[in-house]
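Printed here is input38.pdb (PDB, C-alpha atoms):
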ATOM      1  CA  MET A   1      66.630  55.344 103.985  1.00  0.00           C
ATOM      2  CA  SER A   2      67.676  58.415 102.044  1.00  0.00           C
ATOM      3  CA  PRO A   3      70.163  60.912 103.479  1.00  0.00           C
ATOM      4  CA  SER A   4      67.463  63.546 103.818  1.00  0.00           C
ATOM      5  CA  SER A   5      65.196  61.426 106.005  1.00  0.00           C
ATOM      6  CA  SER A   6      67.442  61.292 109.100  1.00  0.00           C
ATOM      7  CA  ALA A   7      66.368  62.943 112.335  1.00  0.00           C
ATOM      8  CA  SER A   8      68.884  65.753 111.863  1.00  0.00           C
ATOM      9  CA  VAL A   9      67.630  69.016 110.386  1.00  0.00           C
ATOM     10  CA  ASN A  10      70.859  69.278 108.395  1.00  0.00           C
ATOM     11  CA  PRO A  11      71.130  67.339 105.129  1.00  0.00           C
ATOM     12  CA  ARG A  12      73.758  64.598 105.151  1.00  0.00           C
ATOM     13  CA  LEU A  13      75.327  65.973 101.981  1.00  0.00           C
ATOM     14  CA  ILE A  14      75.171  68.697  99.401  1.00  0.00           C
ATOM     15  CA  VAL A  15      75.902  67.953  95.746  1.00  0.00           C
ATOM     16  CA  ILE A  16      78.368  70.439  94.234  1.00  0.00           C
ATOM     17  CA  ASP A  17      78.070  71.138  90.505  1.00  0.00           C
ATOM     18  CA  SER A  18      80.963  72.106  88.210  1.00  0.00           C
ATOM     19  CA  SER A  19      79.899  75.761  88.053  1.00  0.00           C
ATOM     20  CA  VAL A  20      80.245  76.131  91.831  1.00  0.00           C
ATOM     21  CA  LEU A  21      83.274  73.887  92.282  1.00  0.00           C
ATOM     22  CA  VAL A  22      85.288  75.822  89.700  1.00  0.00           C
ATOM     23  CA  GLN A  23      84.605  79.080  91.556  1.00  0.00           C
ATOM     24  CA  VAL A  24      85.489  77.476  94.899  1.00  0.00           C
ATOM     25  CA  ILE A  25      88.833  76.366  93.449  1.00  0.00           C
ATOM     26  CA  ALA A  26      89.530  79.610  91.578  1.00  0.00           C
ATOM     27  CA  THR A  27      89.060  81.661  94.765  1.00  0.00           C
ATOM     28  CA  ASP A  28      90.802  79.190  97.132  1.00  0.00           C
ATOM     29  CA  GLN A  29      87.663  78.619  99.186  1.00  0.00           C
ATOM     30  CA  MET A  30      87.853  74.904  99.988  1.00  0.00           C
ATOM     31  CA  GLY A  31      87.737  76.090 103.601  1.00  0.00           C
ATOM     32  CA  VAL A  32      84.043  76.913 103.209  1.00  0.00           C
ATOM     33  CA  LEU A  33      83.371  73.340 102.110  1.00  0.00           C
ATOM     34  CA  ARG A  34      85.382  72.027 105.070  1.00  0.00           C
ATOM     35  CA  LEU A  35      83.237  74.243 107.307  1.00  0.00           C
ATOM     36  CA  LEU A  36      80.078  72.505 106.101  1.00  0.00           C
ATOM     37  CA  ARG A  37      81.528  69.119 106.969  1.00  0.00           C
ATOM     38  CA  SER A  38      83.202  69.954 110.282  1.00  0.00           C
ATOM     39  CA  ASP A  39      80.653  72.305 111.846  1.00  0.00           C
ATOM     40  CA  TYR A  40      77.359  71.026 110.417  1.00  0.00           C
ATOM     41  CA  GLY A  41      77.961  67.412 109.378  1.00  0.00           C
ATOM     42  CA  VAL A  42      77.074  68.243 105.761  1.00  0.00           C
ATOM     43  CA  GLN A  43      79.390  66.401 103.360  1.00  0.00           C
ATOM     44  CA  PRO A  44      80.110  68.254 100.095  1.00  0.00           C
ATOM     45  CA  ALA A  45      80.028  65.708  97.285  1.00  0.00           C
ATOM     46  CA  ILE A  46      80.478  65.599  93.522  1.00  0.00           C
ATOM     47  CA  VAL A  47      79.477  63.108  90.875  1.00  0.00           C
ATOM     48  CA  GLN A  48      82.112  61.516  88.666  1.00  0.00           C
ATOM     49  CA  ALA A  49      81.015  63.585  85.673  1.00  0.00           C
ATOM     50  CA  VAL A  50      81.854  66.763  87.602  1.00  0.00           C
ATOM     51  CA  GLU A  51      85.244  65.396  88.631  1.00  0.00           C
ATOM     52  CA  SER A  52      85.997  64.782  84.942  1.00  0.00           C
ATOM     53  CA  GLU A  53      84.708  68.200  83.817  1.00  0.00           C
ATOM     54  CA  VAL A  54      86.570  70.174  86.451  1.00  0.00           C
ATOM     55  CA  SER A  55      89.787  68.185  85.981  1.00  0.00           C
ATOM     56  CA  TYR A  56      89.641  69.008  82.290  1.00  0.00           C
ATOM     57  CA  LEU A  57      89.161  72.732  83.009  1.00  0.00           C
ATOM     58  CA  LEU A  58      92.032  72.804  85.498  1.00  0.00           C
ATOM     59  CA  ASN A  59      94.352  71.124  83.026  1.00  0.00           C
ATOM     60  CA  ASN A  60      93.324  72.796  79.775  1.00  0.00           C
ATOM     61  CA  VAL A  61      91.694  76.203  80.320  1.00  0.00           C
ATOM     62  CA  ALA A  62      94.280  78.961  80.811  1.00  0.00           C
ATOM     63  CA  ARG A  63      92.414  80.962  83.451  1.00  0.00           C
ATOM     64  CA  PHE A  64      92.033  77.878  85.684  1.00  0.00           C
ATOM     65  CA  ARG A  65      95.246  76.020  84.850  1.00  0.00           C
ATOM     66  CA  GLY A  66      97.643  75.251  87.677  1.00  0.00           C
ATOM     67  CA  ARG A  67      95.037  74.616  90.375  1.00  0.00           C
ATOM     68  CA  GLN A  68      94.813  70.838  90.006  1.00  0.00           C
ATOM     69  CA  GLU A  69      96.369  70.235  93.407  1.00  0.00           C
ATOM     70  CA  GLN A  70      93.418  71.855  95.175  1.00  0.00           C
ATOM     71  CA  LEU A  71      91.019  69.316  93.720  1.00  0.00           C
ATOM     72  CA  ARG A  72      93.370  66.409  94.395  1.00  0.00           C
ATOM     73  CA  LYS A  73      93.815  67.400  98.049  1.00  0.00           C
ATOM     74  CA  ALA A  74      90.096  68.014  98.582  1.00  0.00           C
ATOM     75  CA  LEU A  75      89.285  64.519  97.325  1.00  0.00           C
ATOM     76  CA  GLY A  76      92.144  63.000  99.303  1.00  0.00           C
ATOM     77  CA  ASN A  77      91.177  64.509 102.667  1.00  0.00           C
ATOM     78  CA  ASN A  78      87.408  64.052 102.219  1.00  0.00           C
ATOM     79  CA  THR A  79      86.621  67.749 101.946  1.00  0.00           C
ATOM     80  CA  LEU A  80      84.905  66.480  98.793  1.00  0.00           C
ATOM     81  CA  ALA A  81      83.442  63.015  98.395  1.00  0.00           C
ATOM     82  CA  ILE A  82      82.621  61.339  95.099  1.00  0.00           C
ATOM     83  CA  VAL A  83      79.124  59.918  94.892  1.00  0.00           C
ATOM     84  CA  ASP A  84      80.065  56.320  94.170  1.00  0.00           C
ATOM     85  CA  ARG A  85      79.358  52.894  95.651  1.00  0.00           C
ATOM     86  CA  GLY A  86      81.822  53.289  98.516  1.00  0.00           C
ATOM     87  CA  PHE A  87      80.495  56.674  99.590  1.00  0.00           C
ATOM     88  CA  LEU A  88      76.827  55.711  99.322  1.00  0.00           C
ATOM     89  CA  ALA A  89      77.475  52.652 101.495  1.00  0.00           C
ATOM     90  CA  THR A  90      78.405  55.032 104.326  1.00  0.00           C
ATOM     91  CA  ILE A  91      75.160  57.023 104.200  1.00  0.00           C
ATOM     92  CA  LEU A  92      72.509  54.520 103.078  1.00  0.00           C
ATOM     93  CA  ASP A  93      71.106  51.620 105.064  1.00  0.00           C
ATOM     94  CA  SER A  94      70.907  49.249 102.109  1.00  0.00           C
ATOM     95  CA  GLY A  95      70.311  48.917  98.380  1.00  0.00           C
ATOM     96  CA  VAL A  96      73.367  50.875  97.268  1.00  0.00           C
ATOM     97  CA  ASP A  97      73.426  49.249  93.825  1.00  0.00           C
ATOM     98  CA  ALA A  98      69.763  50.094  93.277  1.00  0.00           C
ATOM     99  CA  TRP A  99      70.421  53.743  94.177  1.00  0.00           C
ATOM    100  CA  LEU A 100      73.367  53.843  91.795  1.00  0.00           C
ATOM    101  CA  ARG A 101      71.288  52.390  88.975  1.00  0.00           C
ATOM    102  CA  GLN A 102      68.545  54.936  89.635  1.00  0.00           C
ATOM    103  CA  MET A 103      70.975  57.859  89.580  1.00  0.00           C
ATOM    104  CA  GLU A 104      72.684  56.576  86.427  1.00  0.00           C
ATOM    105  CA  ALA A 105      69.363  56.192  84.623  1.00  0.00           C
ATOM    106  CA  GLU A 106      68.148  59.611  85.788  1.00  0.00           C
ATOM    107  CA  GLY A 107      71.438  61.215  84.795  1.00  0.00           C
ATOM    108  CA  GLU A 108      71.245  59.818  81.269  1.00  0.00           C
ATOM    109  CA  ARG A 109      67.657  61.018  80.980  1.00  0.00           C
ATOM    110  CA  LEU A 110      68.454  64.538  82.214  1.00  0.00           C
ATOM    111  CA  TYR A 111      71.461  64.632  79.884  1.00  0.00           C
ATOM    112  CA  LEU A 112      68.953  65.047  77.070  1.00  0.00           C
ATOM    113  CA  ALA A 113      68.126  68.504  78.466  1.00  0.00           C
ATOM    114  CA  VAL A 114      71.314  69.817  80.141  1.00  0.00           C
ATOM    115  CA  ASP A 115      75.079  69.252  80.074  1.00  0.00           C
ATOM    116  CA  ARG A 116      76.500  66.049  81.503  1.00  0.00           C
ATOM    117  CA  GLY A 117      77.839  67.461  84.758  1.00  0.00           C
ATOM    118  CA  GLU A 118      74.581  69.225  85.546  1.00  0.00           C
ATOM    119  CA  ALA A 119      72.552  66.187  84.501  1.00  0.00           C
ATOM    120  CA  PHE A 120      74.271  63.756  86.860  1.00  0.00           C
ATOM    121  CA  SER A 121      74.546  66.303  89.682  1.00  0.00           C
ATOM    122  CA  HIS A 122      70.817  66.989  89.541  1.00  0.00           C
ATOM    123  CA  ALA A 123      70.126  63.267  89.247  1.00  0.00           C
ATOM    124  CA  ALA A 124      72.013  62.631  92.492  1.00  0.00           C
ATOM    125  CA  SER A 125      70.346  65.583  94.219  1.00  0.00           C
ATOM    126  CA  ILE A 126      66.860  64.498  93.153  1.00  0.00           C
ATOM    127  CA  ALA A 127      67.340  60.797  93.897  1.00  0.00           C
ATOM    128  CA  LEU A 128      68.860  61.374  97.334  1.00  0.00           C
ATOM    129  CA  GLY A 129      66.609  64.318  98.197  1.00  0.00           C
ATOM    130  CA  VAL A 130      69.504  66.612  99.107  1.00  0.00           C
ATOM    131  CA  PRO A 131      70.371  70.174  98.021  1.00  0.00           C
ATOM    132  CA  ILE A 132      72.456  70.971  94.972  1.00  0.00           C
ATOM    133  CA  ALA A 133      74.926  73.845  94.723  1.00  0.00           C
ATOM    134  CA  THR A 134      74.877  75.217  91.186  1.00  0.00           C
ATOM    135  CA  ASN A 135      75.209  78.608  89.521  1.00  0.00           C
ATOM    136  CA  ASP A 136      73.643  77.348  86.295  1.00  0.00           C
ATOM    137  CA  THR A 137      70.155  78.817  86.535  1.00  0.00           C
ATOM    138  CA  SER A 138      69.489  78.168  82.847  1.00  0.00           C
ATOM    139  CA  ALA A 139      69.840  74.427  83.463  1.00  0.00           C
ATOM    140  CA  VAL A 140      67.570  74.719  86.500  1.00  0.00           C
ATOM    141  CA  TYR A 141      64.902  76.482  84.419  1.00  0.00           C
ATOM    142  CA  ARG A 142      65.109  73.847  81.680  1.00  0.00           C
ATOM    143  CA  LEU A 143      64.703  71.020  84.164  1.00  0.00           C
ATOM    144  CA  LEU A 144      61.816  72.689  85.982  1.00  0.00           C
ATOM    145  CA  LYS A 145      60.118  73.420  82.668  1.00  0.00           C
ATOM    146  CA  GLY A 146      60.453  69.726  81.902  1.00  0.00           C
ATOM    147  CA  GLY A 147      58.629  68.846  85.106  1.00  0.00           C
ATOM    148  CA  GLU A 148      61.606  67.813  87.252  1.00  0.00           C
ATOM    149  CA  SER A 149      61.339  68.234  91.022  1.00  0.00           C
ATOM    150  CA  ILE A 150      64.574  69.854  92.199  1.00  0.00           C
ATOM    151  CA  PRO A 151      65.174  69.904  95.973  1.00  0.00           C
ATOM    152  CA  ARG A 152      65.091  73.401  97.456  1.00  0.00           C
ATOM    153  CA  PRO A 153      66.807  75.611  98.204  1.00  0.00           C
ATOM    154  CA  ILE A 154      69.124  75.710  95.214  1.00  0.00           C
ATOM    155  CA  ILE A 155      72.467  76.827  96.646  1.00  0.00           C
ATOM    156  CA  ARG A 156      74.840  79.163  94.778  1.00  0.00           C
ATOM    157  CA  PHE A 157      78.561  79.772  95.226  1.00  0.00           C
ATOM    158  CA  TRP A 158      77.851  83.081  96.949  1.00  0.00           C
ATOM    159  CA  ASP A 159      75.574  81.390  99.471  1.00  0.00           C
ATOM    160  CA  LEU A 160      78.644  79.451 100.621  1.00  0.00           C
ATOM    161  CA  VAL A 161      80.723  82.634 100.800  1.00  0.00           C
ATOM    162  CA  VAL A 162      78.096  84.512 102.795  1.00  0.00           C
ATOM    163  CA  LEU A 163      77.735  81.569 105.200  1.00  0.00           C
ATOM    164  CA  GLY A 164      81.482  81.784 105.796  1.00  0.00           C
ATOM    165  CA  TYR A 165      81.102  85.513 106.427  1.00  0.00           C
ATOM    166  CA  GLN A 166      78.120  85.042 108.738  1.00  0.00           C
ATOM    167  CA  VAL A 167      80.009  82.656 111.034  1.00  0.00           C
ATOM    168  CA  GLY A 168      83.237  84.678 111.002  1.00  0.00           C
ATOM    169  CA  SER A 169      85.389  82.415 108.833  1.00  0.00           C
ATOM    170  CA  LEU A 170      85.659  85.184 106.215  1.00  0.00           C
ATOM    171  CA  ASP A 171      85.778  88.929 106.747  1.00  0.00           C
ATOM    172  CA  ASP A 172      84.477  91.564 104.370  1.00  0.00           C
ATOM    173  CA  ALA A 173      87.948  92.132 102.869  1.00  0.00           C
ATOM    174  CA  ALA A 174      88.306  88.415 102.071  1.00  0.00           C
ATOM    175  CA  CYS A 175      84.847  88.365 100.506  1.00  0.00           C
ATOM    176  CA  ASP A 176      85.724  91.382  98.405  1.00  0.00           C
ATOM    177  CA  ARG A 177      88.910  89.657  97.200  1.00  0.00           C
ATOM    178  CA  ILE A 178      86.755  86.724  96.126  1.00  0.00           C
ATOM    179  CA  ARG A 179      84.503  89.111  94.223  1.00  0.00           C
ATOM    180  CA  GLN A 180      87.463  90.793  92.527  1.00  0.00           C
ATOM    181  CA  THR A 181      89.070  87.466  91.597  1.00  0.00           C
ATOM    182  CA  LEU A 182      85.907  86.252  89.893  1.00  0.00           C
ATOM    183  CA  ARG A 183      85.579  89.534  88.008  1.00  0.00           C
ATOM    184  CA  LYS A 184      89.138  89.227  86.711  1.00  0.00           C
ATOM    185  CA  LEU A 185      88.437  85.663  85.599  1.00  0.00           C
ATOM    186  CA  GLY A 186      85.263  86.733  83.793  1.00  0.00           C
ATOM    187  CA  GLU A 187      83.138  84.531  86.042  1.00  0.00           C
ATOM    188  CA  ARG A 188      79.491  85.266  86.739  1.00  0.00           C
ATOM    189  CA  ILE A 189      78.786  87.402  89.833  1.00  0.00           C
ATOM    190  CA  PRO A 190      75.387  88.243  91.365  1.00  0.00           C
ATOM    191  CA  PRO A 191      74.197  91.679  90.171  1.00  0.00           C
ATOM    192  CA  CYS A 192      74.333  93.107  93.704  1.00  0.00           C
ATOM    193  CA  PHE A 193      78.099  92.472  93.827  1.00  0.00           C
ATOM    194  CA  ALA A 194      78.942  93.243  90.202  1.00  0.00           C
ATOM    195  CA  ASP A 195      79.739  96.950  90.548  1.00  0.00           C
ATOM    196  CA  ARG A 196      79.826  97.379  94.305  1.00  0.00           C
ATOM    197  CA  SER A 197      82.026  96.173  97.101  1.00  0.00           C
ATOM    198  CA  TYR A 198      80.958  93.033  98.938  1.00  0.00           C
ATOM    199  CA  ILE A 199      79.827  94.926 102.012  1.00  0.00           C
ATOM    200  CA  ASP A 200      77.820  97.432  99.944  1.00  0.00           C
ATOM    201  CA  GLY A 201      76.131  94.690  97.932  1.00  0.00           C
ATOM    202  CA  LEU A 202      75.352  92.387 100.854  1.00  0.00           C
ATOM    203  CA  PRO A 203      72.078  94.116 101.913  1.00  0.00           C
ATOM    204  CA  ASP A 204      70.644  93.186  98.499  1.00  0.00           C
ATOM    205  CA  PHE A 205      71.717  89.525  98.648  1.00  0.00           C
ATOM    206  CA  TYR A 206      69.385  86.963 100.233  1.00  0.00           C
ATOM    207  CA  PRO A 207      71.520  84.076 101.556  1.00  0.00           C
ATOM    208  CA  ARG A 208      69.926  80.718 100.866  1.00  0.00           C
ATOM    209  CA  LEU A 209      72.227  79.081 103.415  1.00  0.00           C
ATOM    210  CA  ALA A 210      72.551  80.323 106.980  1.00  0.00           C
ATOM    211  CA  CYS A 211      73.666  79.208 110.436  1.00  0.00           C
ATOM    212  CA  ALA A 212      71.112  79.115 113.241  1.00  0.00           C
ATOM    213  CA  GLY A 213      73.814  79.949 115.784  1.00  0.00           C
ATOM    214  CA  HIS A 214      74.744  83.382 114.406  1.00  0.00           C
ATOM    215  CA  GLN A 215      72.931  86.584 113.549  1.00  0.00           C
ATOM    216  CA  PHE A 216      71.630  86.519 109.991  1.00  0.00           C
ATOM    217  CA  VAL A 217      73.228  88.807 107.424  1.00  0.00           C
ATOM    218  CA  GLY A 218      72.190  90.096 104.020  1.00  0.00           C
ATOM    219  CA  ALA A 219      68.702  90.871 102.779  1.00  0.00           C
ATOM    220  CA  GLY A 220      65.894  89.997 105.139  1.00  0.00           C
ATOM    221  CA  GLN A 221      63.455  89.190 102.338  1.00  0.00           C
ATOM    222  CA  PRO A 222      63.852  87.137  99.121  1.00  0.00           C
ATOM    223  CA  GLN A 223      65.258  89.152  96.237  1.00  0.00           C
ATOM    224  CA  GLU A 224      64.808  86.789  93.287  1.00  0.00           C
ATOM    225  CA  LYS A 225      63.242  83.541  92.201  1.00  0.00           C
ATOM    226  CA  PHE A 226      64.393  80.447  94.129  1.00  0.00           C
ATOM    227  CA  ASP A 227      65.303  82.558  97.183  1.00  0.00           C
ATOM    228  CA  GLU A 228      64.452  80.036  99.896  1.00  0.00           C
ATOM    229  CA  ARG A 229      66.640  79.447 102.933  1.00  0.00           C
ATOM    230  CA  LEU A 230      68.177  76.380 104.522  1.00  0.00           C
ATOM    231  CA  VAL A 231      69.130  77.129 108.124  1.00  0.00           C
ATOM    232  CA  LEU A 232      71.843  74.810 109.400  1.00  0.00           C
ATOM    233  CA  ARG A 233      72.257  73.883 113.028  1.00  0.00           C
ATOM    234  CA  PRO A 234      75.847  73.593 114.336  1.00  0.00           C
ATOM    235  CA  LEU A 235      76.673  70.051 115.405  1.00  0.00           C
ATOM    236  CA  GLU A 236      77.149  70.984 119.059  1.00  0.00           C
ATOM    237  CA  GLU A 237      73.687  72.608 119.111  1.00  0.00           C
ATOM    238  CA  ALA A 238      72.062  69.681 117.314  1.00  0.00           C
ATOM    239  CA  ALA A 239      73.534  67.318 119.917  1.00  0.00           C
ATOM    240  CA  ARG A 240      71.785  69.079 122.812  1.00  0.00           C
ATOM    241  CA  PRO A 241      68.623  67.421 124.157  1.00  0.00           C
TER     242      PRO A 241
END
Target format structure tokens, applied to this file:
Amino acid sequence: MSPSSSASVNPRLIVIDSSVLVQVIATDQMGVLRLLRSDYGVQPAIVQAVESEVSYLLNNVARFRGRQEQLRKALGNNTLAIVDRGFLATILDSGVDAWLRQMEAEGERLYLAVDRGEAFSHAASIALGVPIATNDTSAVYRLLKGGESIPRPIIRFWDLVVLGYQVGSLDDAACDRIRQTLRKLGERIPPCFADRSYIDGLPDFYPRLACAGHQFVGAGQPQEKFDERLVLRPLEEAARP
């Protein structure tokens, strides 16, 4: 059984790529990942290639240096899981080694088209049939052009932020600080937030991740390609008959 084939409407996990994880760490937003796990039963997970890539950035790139402890703590308290044999044994009925071999082979194949972190993240997402969180749309386009079937929706960093805002974990001032931090770091920001405050840009942002238990925010209609929405049910609601 794959994690996406359970009776729950929520996926068992979401694979986090380097491009999203770096922004989560740079803006101190591990709380949004904890929210996915605690309130919706969705485990944020990374492949080993992403752990290596992000660890390198945190140790060697000046604008990210000094944030290593965030990653260490997130892995230690299970805010983030690593997609390895031990983790897969907790979510799959059987055949863990076969799944690992499949993901390894797919990762090596996709590595011919995209960088290593993206390749193995997409391999895990595709094999397990679960969403991926990535900001790297160029890699997504290359894989789709090559005929790969990427699970939808494709989640971005800002989808996580807006989910936090929708459910009240972040206010508009906190979201604007996130926006300003990423601008200072030279990180990519959606066009709607590039030259406007968070609250002014929000009506032009279509969240691909939303909570069924709160009023939706942002644009009511898709704004760009890949704008499809995953609506999560809170655990307490999903448990009701």
Selection near Ser18 in chain A, 8 Å with all atoms listed in the file, sequence-local residues under 5 positions removed, as a PyMOL selection string: chain A and resi 50-51+53-54+117-118+134
CA of Val22 in chain A to CA of Asp176 in chain A, straight-line distance in Å: 17.8 Å
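With all atoms listed in the file as the atoms that count, the minimum distance from Ala139 in chain A to the choices A:Gln166, A:Val161, A:Arg67, A:Leu110 is reached by A:Leu110.
The smallest atom-to-atom distance between Gln29 in chain A and any of A:Gly164, A:Pro11, A:Pro222, A:Pro151, using all atoms listed in the file, is found for A:Gly164.
Residues in contact with Arg156 in chain A at up to 8 Å, not including ones fewer than 6 positions away on its chain and judged by only C-alpha atoms, are Val20, Ala133, Thr134, Asn135 and Arg208 of chain A.
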Selection result of the PyMOL selection byres ((chain A and resi 45) around 12) on this file, as a PDB file with C-alpha atoms, in the frame of the given file:
ATOM      1  CA  PRO A  11      71.130  67.339 105.129  1.00  0.00           C
ATOM      2  CA  ARG A  12      73.758  64.598 105.151  1.00  0.00           C
ATOM      3  CA  LEU A  13      75.327  65.973 101.981  1.00  0.00           C
ATOM      4  CA  ILE A  14      75.171  68.697  99.401  1.00  0.00           C
ATOM      5  CA  VAL A  15      75.902  67.953  95.746  1.00  0.00           C
ATOM      6  CA  ILE A  16      78.368  70.439  94.234  1.00  0.00           C
ATOM      7  CA  ASP A  17      78.070  71.138  90.505  1.00  0.00           C
ATOM      8  CA  SER A  18      80.963  72.106  88.210  1.00  0.00           C
ATOM      9  CA  VAL A  20      80.245  76.131  91.831  1.00  0.00           C
ATOM     10  CA  LEU A  21      83.274  73.887  92.282  1.00  0.00           C
ATOM     11  CA  LEU A  33      83.371  73.340 102.110  1.00  0.00           C
ATOM     12  CA  ARG A  34      85.382  72.027 105.070  1.00  0.00           C
ATOM     13  CA  LEU A  36      80.078  72.505 106.101  1.00  0.00           C
ATOM     14  CA  ARG A  37      81.528  69.119 106.969  1.00  0.00           C
ATOM     15  CA  VAL A  42      77.074  68.243 105.761  1.00  0.00           C
ATOM     16  CA  GLN A  43      79.390  66.401 103.360  1.00  0.00           C
ATOM     17  CA  PRO A  44      80.110  68.254 100.095  1.00  0.00           C
ATOM     18  CA  ILE A  46      80.478  65.599  93.522  1.00  0.00           C
ATOM     19  CA  VAL A  47      79.477  63.108  90.875  1.00  0.00           C
ATOM     20  CA  GLN A  48      82.112  61.516  88.666  1.00  0.00           C
ATOM     21  CA  ALA A  49      81.015  63.585  85.673  1.00  0.00           C
ATOM     22  CA  VAL A  50      81.854  66.763  87.602  1.00  0.00           C
ATOM     23  CA  GLU A  51      85.244  65.396  88.631  1.00  0.00           C
ATOM     24  CA  ALA A  74      90.096  68.014  98.582  1.00  0.00           C
ATOM     25  CA  LEU A  75      89.285  64.519  97.325  1.00  0.00           C
ATOM     26  CA  ASN A  78      87.408  64.052 102.219  1.00  0.00           C
ATOM     27  CA  THR A  79      86.621  67.749 101.946  1.00  0.00           C
ATOM     28  CA  LEU A  80      84.905  66.480  98.793  1.00  0.00           C
ATOM     29  CA  ALA A  81      83.442  63.015  98.395  1.00  0.00           C
ATOM     30  CA  ILE A  82      82.621  61.339  95.099  1.00  0.00           C
ATOM     31  CA  VAL A  83      79.124  59.918  94.892  1.00  0.00           C
ATOM     32  CA  ASP A  84      80.065  56.320  94.170  1.00  0.00           C
ATOM     33  CA  PHE A  87      80.495  56.674  99.590  1.00  0.00           C
ATOM     34  CA  LEU A  88      76.827  55.711  99.322  1.00  0.00           C
ATOM     35  CA  SER A 121      74.546  66.303  89.682  1.00  0.00           C
ATOM     36  CA  ALA A 124      72.013  62.631  92.492  1.00  0.00           C
ATOM     37  CA  SER A 125      70.346  65.583  94.219  1.00  0.00           C
ATOM     38  CA  LEU A 128      68.860  61.374  97.334  1.00  0.00           C
ATOM     39  CA  VAL A 130      69.504  66.612  99.107  1.00  0.00           C
ATOM     40  CA  PRO A 131      70.371  70.174  98.021  1.00  0.00           C
ATOM     41  CA  ILE A 132      72.456  70.971  94.972  1.00  0.00           C
ATOM     42  CA  ALA A 133      74.926  73.845  94.723  1.00  0.00           C
TER      43      ALA A 133
END
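For the residues A:Leu71, A:Leu202, A:Ala62, A:Val9, ranking by smallest atom-to-atom distance to Asp159 in chain A using only C-alpha atoms places A:Leu202 first.
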All residues 10 Å or closer to Ser149 in chain A, all atoms listed in the file, same chain fewer than 2 positions away omitted, as a ChimeraX atom specification: /A:122,125-127,129,143-147,151-152
Closest of A:Leu170, A:Arg183, A:His214, A:Pro203 to Leu35 in chain A - atom-to-atom distances counting all atoms listed in the file: A:Leu170
